[in-house]
Amino acid sequence: LTSTTQNRHSLIVTRSMMLSSSLLRFARSTAPAAAAKSMYAATVRRTLTSNTPAVATASDGPPSVFDKIVKITIVDPSGARRIIPAMVGQSLYDACDANGIDLGPASIGAPEQKIRSSTWTEPLYGEGATSGFDHVLLQGANEGVAEAEPAHTNEMKVMADYWDEDEIFPESRLASMVEINAKMDGMAVYVPDRLVDDIP
């Protein structure tokens, strides 16, 4: 009788252990799904009850190409305005060319120098601008213009060779030598009357 009781007891213990391990496996398999459902429900509740709009911000995800696009207003000689997108890092000439705005021919060599900091300008020994057809006037009040690299001596010389003295202003630049930066968003660029460049 004692051995029968012991056998029954060991059988009950074995079965309860099997049942508890089965329950543990079941709980482990359903826990992630249940946790995900409860987190989703909590997020939905927070979104519906909060006053802040559920809009993605720049910190919500990886960087986007739209973070590198600025809008520039081109004003032609007749006063007509056209807003074009431009990529940060490309030249103003390339941005205009990509959007069908003809600034005339441009011919540039490698940069003469590159300003790396307030105390160091690296000489690159390039030719810089070699033609001055792509003359534009940048909006002086724009913050991005102040951050742009200033015109080098070669650029000023080429502009003086191609344009009359009364056509060159402090805001004058060659579009091929202006690199777009993020603070140029909303900048206005005036395009003066073109020089004749199609003489055979």
# chains A, B, ... in the order shown; residues from 1 in each chain; ligands from 1
>>> residues_around(residues="Ile101 in chain A", least_positions_apart="4", cutoff="10 Å", atoms="only C-alpha atoms", output="PyMOL selection string")
chain A and resi 74+76+82+84+93-97+191
>>> residues_around(residues="Val189 in chain A", least_positions_apart="6", cutoff="9 Å", atoms="only C-alpha atoms", output="JSON, numbers by chain")
{"A": [72, 73, 74, 75, 76, 136, 137, 138, 139]}
>>> closest_residue(among="A:Ala86, A:Leu92, A:Tyr162, A:Leu124", to="Val196 in chain A", atoms="only C-alpha atoms")
A:Tyr162
>>> residues_around(residues="range 112-123 of chain A", least_positions_apart="2", cutoff="12 Å", atoms="only C-alpha atoms", output="VMD selection string")
chain A and resid 108 to 110 125 to 130 147 to 155 177 179
>>> closest_residue(among="A:Gly186, A:Gly132, A:Gly79, A:Gly61", to="Ile168 in chain A", atoms="only C-alpha atoms")
A:Gly132
>>> closest_residue(among="A:Leu103, A:Ala146, A:Ile83, A:Leu174", to="Asp193 in chain A", atoms="only C-alpha atoms")
A:Leu103
>>> select_by_dssp(residues="range 35-197 of chain A", states="alpha helix (DSSP H)", output="number ranges by chain")
A: 35-49, 92-98, 143-147, 153-162
>>> write_last_selection(atoms="C-alpha atoms", output="PDB file, in the first residue's frame")
ATOM      1  CA  ALA A  35       3.234  42.476 -24.878  1.00  0.00           C
ATOM      2  CA  ALA A  36       3.281  43.913 -28.408  1.00  0.00           C
ATOM      3  CA  LYS A  37      -0.528  44.129 -28.425  1.00  0.00           C
ATOM      4  CA  SER A  38      -0.615  45.904 -25.068  1.00  0.00           C
ATOM      5  CA  MET A  39       2.151  48.328 -26.159  1.00  0.00           C
ATOM      6  CA  TYR A  40       0.272  49.078 -29.405  1.00  0.00           C
ATOM      7  CA  ALA A  41      -2.967  49.662 -27.496  1.00  0.00           C
ATOM      8  CA  ALA A  42      -1.193  51.998 -25.055  1.00  0.00           C
ATOM      9  CA  THR A  43       0.394  53.936 -27.935  1.00  0.00           C
ATOM     10  CA  VAL A  44      -2.964  54.305 -29.685  1.00  0.00           C
ATOM     11  CA  ARG A  45      -4.583  55.491 -26.438  1.00  0.00           C
ATOM     12  CA  ARG A  46      -1.782  58.038 -25.857  1.00  0.00           C
ATOM     13  CA  THR A  47      -2.000  59.298 -29.446  1.00  0.00           C
ATOM     14  CA  LEU A  48      -5.766  59.692 -29.353  1.00  0.00           C
ATOM     15  CA  THR A  49      -5.820  61.418 -25.974  1.00  0.00           C
ATOM     16  CA  LEU A  92      23.668  77.138 -58.000  1.00  0.00           C
ATOM     17  CA  TYR A  93      24.403  76.706 -61.712  1.00  0.00           C
ATOM     18  CA  ASP A  94      23.699  72.944 -61.531  1.00  0.00           C
ATOM     19  CA  ALA A  95      20.441  73.563 -59.629  1.00  0.00           C
ATOM     20  CA  CYS A  96      19.260  76.044 -62.274  1.00  0.00           C
ATOM     21  CA  ASP A  97      20.355  73.763 -65.117  1.00  0.00           C
ATOM     22  CA  ALA A  98      18.489  70.786 -63.587  1.00  0.00           C
ATOM     23  CA  GLU A 143      21.767  84.100 -43.944  1.00  0.00           C
ATOM     24  CA  GLY A 144      23.029  81.406 -46.306  1.00  0.00           C
ATOM     25  CA  VAL A 145      24.764  83.985 -48.507  1.00  0.00           C
ATOM     26  CA  ALA A 146      26.813  85.144 -45.516  1.00  0.00           C
ATOM     27  CA  GLU A 147      27.822  81.519 -44.846  1.00  0.00           C
ATOM     28  CA  THR A 153      40.177  86.651 -56.833  1.00  0.00           C
ATOM     29  CA  ASN A 154      39.846  84.621 -60.019  1.00  0.00           C
ATOM     30  CA  GLU A 155      36.045  84.789 -59.918  1.00  0.00           C
ATOM     31  CA  MET A 156      36.158  88.577 -59.462  1.00  0.00           C
ATOM     32  CA  LYS A 157      38.666  88.909 -62.319  1.00  0.00           C
ATOM     33  CA  VAL A 158      36.538  86.817 -64.701  1.00  0.00           C
ATOM     34  CA  MET A 159      33.412  88.838 -63.866  1.00  0.00           C
ATOM     35  CA  ALA A 160      35.314  92.076 -64.518  1.00  0.00           C
ATOM     36  CA  ASP A 161      36.504  90.674 -67.873  1.00  0.00           C
ATOM     37  CA  TYR A 162      32.983  89.762 -69.030  1.00  0.00           C
TER      38      TYR A 162
END
>>> atom_distance(atom1="CA of Leu195 in chain A", atom2="CA of Phe169 in chain A")
16.5 Å
